[in-house]
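Beneath this line is the structure, given in structure tokens, with notes to follow.
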Amino acid sequence: MIKDNIEKVRHEIDRCRKNCRYKINDEPVLLVAVTKNHEVAAMREAVDASVTDIGENRVQEAKRKLPLLEREATWHLIGHLQTNKVKDAVKYFSLIHSVDSIHLAEAINKAAADAKKIQDILIQINLVKEESKSGVYEEDLPALLAAMKKLYALRLCGLMFIAPNYDDPEKCRRHFARMREIFTQTSKDSDFSATMKYLSMGMSHDYKIAVEEGANIVRVGTAIFGERDYTKEA
Ligand SMILES: *Cc1c(COP(=O)(O)O)cnc(C)c1O
């Protein structure tokens, strides 16, 4: 089941990538399997079926699952990060997708410096100013970028976006296109041009459109693992 779902998703990614007229670079699209509220057995199945990258929303949940997943995987933190969890976040995650304030960037930078690590991060943009979502507003991005230049233990690898949950995912297209423009603009800055390579956008209901508009990381949970059961923590 999981294996078949992954094959289907990969097939759709390949098909939509061919339709993409605006590739930000030639990196292949990275499929991050989102495993929040799913059990480690399901995660093993996904990794056995060629998944290399795992996305978790919460540091605590990832910390508990990590030692149980004996297989090799790259871990992505895709959920909102609180400053009191940055030490663990730096320890466990290869890429943090959800940096959205100077305060948080500084805290991660300090934790990374203490751990003698260069932490790869994405900046999450709240393009549509949804109150329920984290992310920096577009107009606050320049100040965050300016602050990032002095944070030597952070490496800015790109941008992340969570689209509004429209009934018709086609409505997300213009937001994805706008994100690609912001990506292009940001990567013109000589401080970031060498390291910016990821545009993380697209989830189960909208990843096809995201890929067509230039996403090269998609974060897919439900289409691989089925519906999440929030009544129990995996
Ligand atoms: C849960 C989650 C996903 C995956 O959502 P699905 O609809 O299950 O594919 C992707 N990105 C983020 C930030 C999430 O929290």
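Residues in the structure tokens are named by chain (A, B, ... in the order shown) and by number from 1 within that chain; ligands are numbered from 1 in the order shown.
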
Q | Within-8 Å residues of ligand 1, basis only C-alpha atoms and all ligand atoms, as a list in words | A | Ala33, Val34, Thr35, Lys36, Gly55, Glu56, Asn57, Ile78, Gly79, Ile162, Met201, Gly202, Met203, Ser204, His205, Val218, Arg219, Val220, Gly221, Thr222, Ala223, Ile224, Gly226, Glu227 and Arg228 of chain A

Dump of N, CA, C and O atoms for the selected residues, as an mmCIF file, in the first residue's frame:
data_model
loop_
_atom_site.group_PDB
_atom_site.id
_atom_site.type_symbol
_atom_site.label_atom_id
_atom_site.label_comp_id
_atom_site.auth_asym_id
_atom_site.auth_seq_id
_atom_site.Cartn_x
_atom_site.Cartn_y
_atom_site.Cartn_z
ATOM 1 N N ALA A 33 8.783 12.515 2.876
ATOM 2 C CA ALA A 33 7.606 11.792 3.379
ATOM 3 C C ALA A 33 7.290 12.299 4.779
ATOM 4 O O ALA A 33 8.114 12.211 5.690
ATOM 5 N N VAL A 34 6.088 12.868 4.929
ATOM 6 C CA VAL A 34 5.710 13.496 6.196
ATOM 7 C C VAL A 34 5.058 12.450 7.114
ATOM 8 O O VAL A 34 4.000 11.908 6.792
ATOM 9 N N THR A 35 5.699 12.198 8.243
ATOM 10 C CA THR A 35 5.337 11.040 9.073
ATOM 11 C C THR A 35 4.745 11.406 10.423
ATOM 12 O O THR A 35 4.606 10.549 11.287
ATOM 13 N N LYS A 36 4.380 12.669 10.615
ATOM 14 C CA LYS A 36 3.775 13.065 11.892
ATOM 15 C C LYS A 36 2.527 12.219 12.168
ATOM 16 O O LYS A 36 1.743 11.948 11.244
ATOM 17 N N GLY A 55 9.908 13.876 7.035
ATOM 18 C CA GLY A 55 9.533 15.179 7.586
ATOM 19 C C GLY A 55 8.698 15.011 8.837
ATOM 20 O O GLY A 55 7.709 14.278 8.827
ATOM 21 N N GLU A 56 9.096 15.670 9.901
ATOM 22 C CA GLU A 56 8.330 15.642 11.150
ATOM 23 C C GLU A 56 8.000 17.077 11.561
ATOM 24 O O GLU A 56 8.767 18.003 11.300
ATOM 25 N N ASN A 57 6.861 17.244 12.227
ATOM 26 C CA ASN A 57 6.447 18.579 12.651
ATOM 27 C C ASN A 57 6.965 18.977 14.019
ATOM 28 O O ASN A 57 7.143 20.152 14.290
ATOM 29 N N ILE A 78 9.628 20.330 9.706
ATOM 30 C CA ILE A 78 8.763 21.140 8.848
ATOM 31 C C ILE A 78 7.744 21.941 9.645
ATOM 32 O O ILE A 78 7.071 22.806 9.103
ATOM 33 N N GLY A 79 7.618 21.666 10.941
ATOM 34 C CA GLY A 79 6.657 22.385 11.764
ATOM 35 C C GLY A 79 7.281 23.575 12.472
ATOM 36 O O GLY A 79 8.504 23.745 12.469
ATOM 37 N N ILE A 162 3.559 27.067 2.879
ATOM 38 C CA ILE A 162 2.380 26.211 3.025
ATOM 39 C C ILE A 162 1.210 26.971 2.415
ATOM 40 O O ILE A 162 0.855 28.054 2.893
ATOM 41 N N MET A 201 7.606 23.467 -1.328
ATOM 42 C CA MET A 201 6.169 23.760 -1.330
ATOM 43 C C MET A 201 5.418 22.639 -2.028
ATOM 44 O O MET A 201 5.933 21.986 -2.923
ATOM 45 N N GLY A 202 4.192 22.426 -1.566
ATOM 46 C CA GLY A 202 3.368 21.355 -2.102
ATOM 47 C C GLY A 202 3.186 20.247 -1.082
ATOM 48 O O GLY A 202 4.155 19.742 -0.527
ATOM 49 N N MET A 203 1.906 19.915 -0.783
ATOM 50 C CA MET A 203 1.527 18.843 0.121
ATOM 51 C C MET A 203 0.596 17.903 -0.659
ATOM 52 O O MET A 203 0.440 18.066 -1.858
ATOM 53 N N SER A 204 -0.024 16.963 0.030
ATOM 54 C CA SER A 204 -0.784 15.935 -0.711
ATOM 55 C C SER A 204 -1.768 16.511 -1.724
ATOM 56 O O SER A 204 -1.861 16.023 -2.845
ATOM 57 N N HIS A 205 -2.500 17.555 -1.341
ATOM 58 C CA HIS A 205 -3.570 18.002 -2.244
ATOM 59 C C HIS A 205 -3.091 18.990 -3.300
ATOM 60 O O HIS A 205 -3.826 19.280 -4.243
ATOM 61 N N VAL A 218 8.874 18.581 -2.176
ATOM 62 C CA VAL A 218 7.468 18.471 -1.804
ATOM 63 C C VAL A 218 7.385 17.688 -0.501
ATOM 64 O O VAL A 218 8.187 16.798 -0.250
ATOM 65 N N ARG A 219 6.420 18.074 0.339
ATOM 66 C CA ARG A 219 6.256 17.441 1.658
ATOM 67 C C ARG A 219 4.914 16.710 1.663
ATOM 68 O O ARG A 219 3.871 17.340 1.786
ATOM 69 N N VAL A 220 4.958 15.397 1.511
ATOM 70 C CA VAL A 220 3.722 14.640 1.286
ATOM 71 C C VAL A 220 3.510 13.618 2.399
ATOM 72 O O VAL A 220 4.364 12.771 2.649
ATOM 73 N N GLY A 221 2.359 13.717 3.068
ATOM 74 C CA GLY A 221 2.008 12.774 4.127
ATOM 75 C C GLY A 221 0.843 11.883 3.728
ATOM 76 O O GLY A 221 0.997 10.703 3.425
ATOM 77 N N THR A 222 -0.350 12.477 3.714
ATOM 78 C CA THR A 222 -1.590 11.715 3.522
ATOM 79 C C THR A 222 -1.590 10.867 2.246
ATOM 80 O O THR A 222 -2.047 9.717 2.271
ATOM 81 N N ALA A 223 -1.071 11.392 1.158
ATOM 82 C CA ALA A 223 -1.093 10.645 -0.108
ATOM 83 C C ALA A 223 -0.202 9.403 -0.042
ATOM 84 O O ALA A 223 -0.335 8.497 -0.864
ATOM 85 N N ILE A 224 0.687 9.352 0.939
ATOM 86 C CA ILE A 224 1.545 8.171 1.105
ATOM 87 C C ILE A 224 1.004 7.246 2.206
ATOM 88 O O ILE A 224 0.896 6.039 2.023
ATOM 89 N N GLY A 226 -1.966 7.693 4.158
ATOM 90 C CA GLY A 226 -3.385 7.755 4.491
ATOM 91 C C GLY A 226 -3.648 8.824 5.542
ATOM 92 O O GLY A 226 -2.729 9.540 5.956
ATOM 93 N N GLU A 227 -4.889 8.902 5.969
ATOM 94 C CA GLU A 227 -5.291 9.942 6.932
ATOM 95 C C GLU A 227 -4.563 9.756 8.267
ATOM 96 O O GLU A 227 -4.323 8.639 8.692
ATOM 97 N N ARG A 228 -4.277 10.880 8.915
ATOM 98 C CA ARG A 228 -3.656 10.815 10.243
ATOM 99 C C ARG A 228 -4.718 10.649 11.319
ATOM 100 O O ARG A 228 -5.801 11.210 11.209
#

Q: Write out as a list in words the residues lying within 9 Å of A:Asp206, counting only C-alpha atoms and excluding same-chain residues fewer than 2 positions away.
A: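 Contacts, in chain order: Ala163, Asn165, Asp168, Pro169, Glu170, Cys172, Arg173, Met201, Gly202, Met203, Ser204, Lys208, Ile209, Ala210 and Val211 of chain A.
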
Selected residues, all heavy atoms, written as a short mmCIF file (atom, residue, chain, number, x, y, z; two decimals), in the first residue's frame, please.
data_model
loop_
_atom_site.label_atom_id
_atom_site.label_comp_id
_atom_site.auth_asym_id
_atom_site.auth_seq_id
_atom_site.Cartn_x
_atom_site.Cartn_y
_atom_site.Cartn_z
N ALA A 163 0.63 26.43 1.37
CA ALA A 163 -0.46 27.13 0.68
C ALA A 163 -1.75 27.03 1.49
O ALA A 163 -1.94 26.10 2.27
CB ALA A 163 -0.65 26.53 -0.71
N ASN A 165 -5.55 26.11 2.31
CA ASN A 165 -6.20 24.84 2.01
C ASN A 165 -7.49 25.06 1.19
O ASN A 165 -8.59 24.80 1.67
CB ASN A 165 -6.49 24.13 3.33
CG ASN A 165 -6.89 22.69 3.13
OD1 ASN A 165 -6.76 22.16 2.02
ND2 ASN A 165 -7.39 22.06 4.17
N ASP A 168 -10.23 23.91 -4.25
CA ASP A 168 -9.64 23.73 -5.58
C ASP A 168 -8.16 24.11 -5.52
O ASP A 168 -7.82 25.30 -5.48
CB ASP A 168 -10.37 24.61 -6.59
CG ASP A 168 -9.76 24.52 -7.97
OD1 ASP A 168 -8.86 23.66 -8.17
OD2 ASP A 168 -10.17 25.30 -8.85
N PRO A 169 -7.25 23.13 -5.54
CA PRO A 169 -5.82 23.43 -5.41
C PRO A 169 -5.28 24.30 -6.54
O PRO A 169 -4.23 24.92 -6.39
CB PRO A 169 -5.15 22.06 -5.38
CG PRO A 169 -6.15 21.09 -5.88
CD PRO A 169 -7.50 21.67 -5.62
N GLU A 170 -5.99 24.34 -7.65
CA GLU A 170 -5.57 25.19 -8.76
C GLU A 170 -5.41 26.65 -8.31
O GLU A 170 -4.61 27.41 -8.84
CB GLU A 170 -6.59 25.05 -9.90
CG GLU A 170 -6.18 25.63 -11.23
CD GLU A 170 -4.87 25.05 -11.79
OE1 GLU A 170 -4.67 23.82 -11.73
OE2 GLU A 170 -4.05 25.86 -12.27
N CYS A 172 -4.02 27.65 -5.77
CA CYS A 172 -2.70 27.87 -5.15
C CYS A 172 -1.66 28.29 -6.18
O CYS A 172 -0.59 28.77 -5.82
CB CYS A 172 -2.20 26.58 -4.50
SG CYS A 172 -3.28 25.92 -3.23
N ARG A 173 -1.98 28.06 -7.46
CA ARG A 173 -0.95 28.21 -8.49
C ARG A 173 -0.27 29.59 -8.45
O ARG A 173 0.94 29.71 -8.50
CB ARG A 173 -1.53 27.95 -9.88
CG ARG A 173 -0.48 27.91 -10.98
CD ARG A 173 -1.08 27.62 -12.34
NE ARG A 173 -1.64 26.30 -12.48
CZ ARG A 173 -0.94 25.18 -12.73
NH1 ARG A 173 0.36 25.25 -12.88
NH2 ARG A 173 -1.55 24.03 -12.83
N MET A 201 7.61 23.47 -1.33
CA MET A 201 6.17 23.76 -1.33
C MET A 201 5.42 22.64 -2.03
O MET A 201 5.93 21.99 -2.92
CB MET A 201 5.87 25.12 -1.95
CG MET A 201 6.42 25.38 -3.34
SD MET A 201 6.22 27.10 -3.85
CE MET A 201 6.51 26.93 -5.62
N GLY A 202 4.19 22.43 -1.57
CA GLY A 202 3.37 21.35 -2.10
C GLY A 202 3.19 20.25 -1.08
O GLY A 202 4.15 19.74 -0.53
N MET A 203 1.91 19.92 -0.78
CA MET A 203 1.53 18.84 0.12
C MET A 203 0.60 17.90 -0.66
O MET A 203 0.44 18.07 -1.86
CB MET A 203 0.84 19.42 1.36
CG MET A 203 1.71 20.47 2.02
SD MET A 203 0.99 21.56 3.28
CE MET A 203 -0.14 20.54 4.19
N SER A 204 -0.02 16.96 0.03
CA SER A 204 -0.78 15.94 -0.71
C SER A 204 -1.77 16.51 -1.72
O SER A 204 -1.86 16.02 -2.85
CB SER A 204 -1.53 15.03 0.27
OG SER A 204 -0.61 14.25 0.97
N LYS A 208 1.23 18.60 -7.05
CA LYS A 208 1.41 18.55 -8.52
C LYS A 208 1.54 19.96 -9.08
O LYS A 208 2.40 20.24 -9.91
CB LYS A 208 0.23 17.82 -9.17
CG LYS A 208 0.14 16.37 -8.76
CD LYS A 208 -1.16 15.72 -9.23
CE LYS A 208 -1.49 14.53 -8.34
NZ LYS A 208 -2.83 14.00 -8.57
N ILE A 209 0.67 20.85 -8.58
CA ILE A 209 0.71 22.23 -9.05
C ILE A 209 1.99 22.92 -8.57
O ILE A 209 2.63 23.66 -9.31
CB ILE A 209 -0.55 22.98 -8.58
CG1 ILE A 209 -1.77 22.36 -9.29
CG2 ILE A 209 -0.47 24.47 -8.87
CD1 ILE A 209 -3.09 22.68 -8.67
N ALA A 210 2.39 22.60 -7.35
CA ALA A 210 3.63 23.19 -6.81
C ALA A 210 4.83 22.80 -7.69
O ALA A 210 5.66 23.65 -8.02
CB ALA A 210 3.85 22.73 -5.36
N VAL A 211 4.89 21.53 -8.08
CA VAL A 211 6.02 21.08 -8.92
C VAL A 211 5.97 21.77 -10.28
O VAL A 211 6.99 22.22 -10.80
CB VAL A 211 6.02 19.54 -9.07
CG1 VAL A 211 7.02 19.10 -10.14
CG2 VAL A 211 6.36 18.89 -7.72
#

**Q.** Counting only C-alpha atoms, the option among A:Arg44, A:Lys110, A:Arg155, A:Lys149 closest to A:Leu95
**A.**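 The closest residue to A:Leu95 is A:Arg155.
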
Q: For A:Glu27, work out the shell of residues within 10 Å, counting only C-alpha atoms and skipping chain neighbours fewer than 2 positions away, then give it as a list of chain:residue names.
A: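 In the requested format, the answer is A:Lys23, A:Ile24, A:Asn25, A:Val29, A:Leu30, A:Lys197, A:Tyr198, A:Asn216, A:Ile217.
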
Q | Neighbour list for A:Tyr137 as a VMD selection string, cut-off 7 Å, only C-alpha atoms, skip fewer than 6 positions in-chain | A | chain A and resid 125 to 127 129

Output file for the selection above: all heavy atoms, as an mmCIF file, in the first residue's frame:
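Final file, selection_11.cif:
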data_model
loop_
_atom_site.group_PDB
_atom_site.id
_atom_site.type_symbol
_atom_site.label_atom_id
_atom_site.label_comp_id
_atom_site.auth_asym_id
_atom_site.auth_seq_id
_atom_site.Cartn_x
_atom_site.Cartn_y
_atom_site.Cartn_z
ATOM 1 N N ILE A 125 7.713 31.417 4.446
ATOM 2 C CA ILE A 125 7.031 32.666 4.104
ATOM 3 C C ILE A 125 5.525 32.491 4.296
ATOM 4 O O ILE A 125 4.939 31.527 3.795
ATOM 5 C CB ILE A 125 7.303 33.050 2.630
ATOM 6 C CG1 ILE A 125 8.794 32.936 2.302
ATOM 7 C CG2 ILE A 125 6.739 34.438 2.320
ATOM 8 C CD1 ILE A 125 9.586 34.181 2.307
ATOM 9 N N ASN A 126 4.926 33.423 4.966
ATOM 10 C CA ASN A 126 3.460 33.450 5.109
ATOM 11 C C ASN A 126 2.923 34.445 4.080
ATOM 12 O O ASN A 126 2.601 35.593 4.391
ATOM 13 C CB ASN A 126 3.067 33.849 6.537
ATOM 14 C CG ASN A 126 1.587 33.640 6.812
ATOM 15 O OD1 ASN A 126 0.792 33.439 5.890
ATOM 16 N ND2 ASN A 126 1.204 33.697 8.075
ATOM 17 N N LEU A 127 2.843 33.959 2.868
ATOM 18 C CA LEU A 127 2.571 34.816 1.716
ATOM 19 C C LEU A 127 1.182 35.436 1.788
ATOM 20 O O LEU A 127 0.976 36.573 1.383
ATOM 21 C CB LEU A 127 2.689 33.951 0.453
ATOM 22 C CG LEU A 127 2.773 34.644 -0.890
ATOM 23 C CD1 LEU A 127 3.991 35.535 -0.966
ATOM 24 C CD2 LEU A 127 2.813 33.604 -2.004
ATOM 25 N N LYS A 129 -0.661 35.775 4.513
ATOM 26 C CA LYS A 129 -0.947 36.320 5.840
ATOM 27 C C LYS A 129 -2.072 35.577 6.539
ATOM 28 O O LYS A 129 -3.012 36.198 7.059
ATOM 29 C CB LYS A 129 -1.260 37.816 5.753
ATOM 30 C CG LYS A 129 -0.092 38.605 5.205
ATOM 31 C CD LYS A 129 -0.186 40.067 5.511
ATOM 32 C CE LYS A 129 1.110 40.755 5.175
ATOM 33 N NZ LYS A 129 0.986 42.143 4.839
#

Q) Among stretch 4-218 of chain A, which residues carry a DSSP assignment of alpha helix (DSSP H), reported as a ChimeraX atom specification? A) /A:4-18,40-48,59-65,86-92,102-114,141-148,173-186,207-212

Q. Which one is closest to A:Ser193: A:Ala113, A:Phe225, A:Tyr207, A:Gly158? Count only C-alpha atoms.
A. A:Gly158

Per residue of stretch 43-134 of chain A within 9 Å of stretch 4-7 of chain A, record the nearest atom pair and its distance in Å to one decimal, counting only C-alpha atoms, with rows in chain order and ascending residue number, as JSON lines.
{"residue": "A:Ala46", "atom": "CA", "partner": "A:Ile6", "partner_atom": "CA", "distance": 7.7}
{"residue": "A:Ala49", "atom": "CA", "partner": "A:Ile6", "partner_atom": "CA", "distance": 7.5}
{"residue": "A:Ser50", "atom": "CA", "partner": "A:Ile6", "partner_atom": "CA", "distance": 8.4}
{"residue": "A:Val51", "atom": "CA", "partner": "A:Ile6", "partner_atom": "CA", "distance": 8.1}

Q: Could you tell me which of A:Ala177, A:Ala73, A:Met196, A:Ile108 comes closest to A:Leu154 if we count only C-alpha atoms?
A: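 Nearest candidate to A:Leu154 out of A:Ala177, A:Ala73, A:Met196, A:Ile108: A:Ile108.
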
Q | Contact residues around A:Met148 with only C-alpha atoms at 9 Å, ignoring same-chain residues under 4 positions, as a PyMOL selection string | A | chain A and resi 102+105-106+143-144+152+154-156

Residue contacts of A:Ser134 (8 Å, only C-alpha atoms) excluding same-chain residues fewer than 3 positions away, as a PDB file with N, CA and C atoms, in the first residue's frame:
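For reference, part_11.pdb as written:
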ATOM      1  N   HIS A  80       6.429  24.376  13.071  1.00  0.00           N
ATOM      2  CA  HIS A  80       6.877  25.558  13.801  1.00  0.00           C
ATOM      3  C   HIS A  80       7.852  25.157  14.924  1.00  0.00           C
ATOM      4  N   SER A  98      11.404  25.847   8.802  1.00  0.00           N
ATOM      5  CA  SER A  98      10.412  26.748   9.375  1.00  0.00           C
ATOM      6  C   SER A  98      10.979  27.979  10.092  1.00  0.00           C
ATOM      7  N   ASP A 100      11.310  31.660  10.766  1.00  0.00           N
ATOM      8  CA  ASP A 100      10.399  32.737  10.386  1.00  0.00           C
ATOM      9  C   ASP A 100      10.553  33.998  11.222  1.00  0.00           C
ATOM     10  N   GLN A 124      10.528  30.182   6.093  1.00  0.00           N
ATOM     11  CA  GLN A 124       9.106  29.950   5.777  1.00  0.00           C
ATOM     12  C   GLN A 124       8.418  31.291   5.565  1.00  0.00           C
ATOM     13  N   ILE A 125       7.713  31.417   4.446  1.00  0.00           N
ATOM     14  CA  ILE A 125       7.031  32.666   4.104  1.00  0.00           C
ATOM     15  C   ILE A 125       5.525  32.491   4.296  1.00  0.00           C
ATOM     16  N   ASN A 126       4.926  33.423   4.966  1.00  0.00           N
ATOM     17  CA  ASN A 126       3.460  33.450   5.109  1.00  0.00           C
ATOM     18  C   ASN A 126       2.923  34.445   4.080  1.00  0.00           C
ATOM     19  N   GLU A 131      -3.527  33.852   9.570  1.00  0.00           N
ATOM     20  CA  GLU A 131      -3.222  33.939  10.995  1.00  0.00           C
ATOM     21  C   GLU A 131      -2.908  32.590  11.612  1.00  0.00           C
TER      22      GLU A 131
END
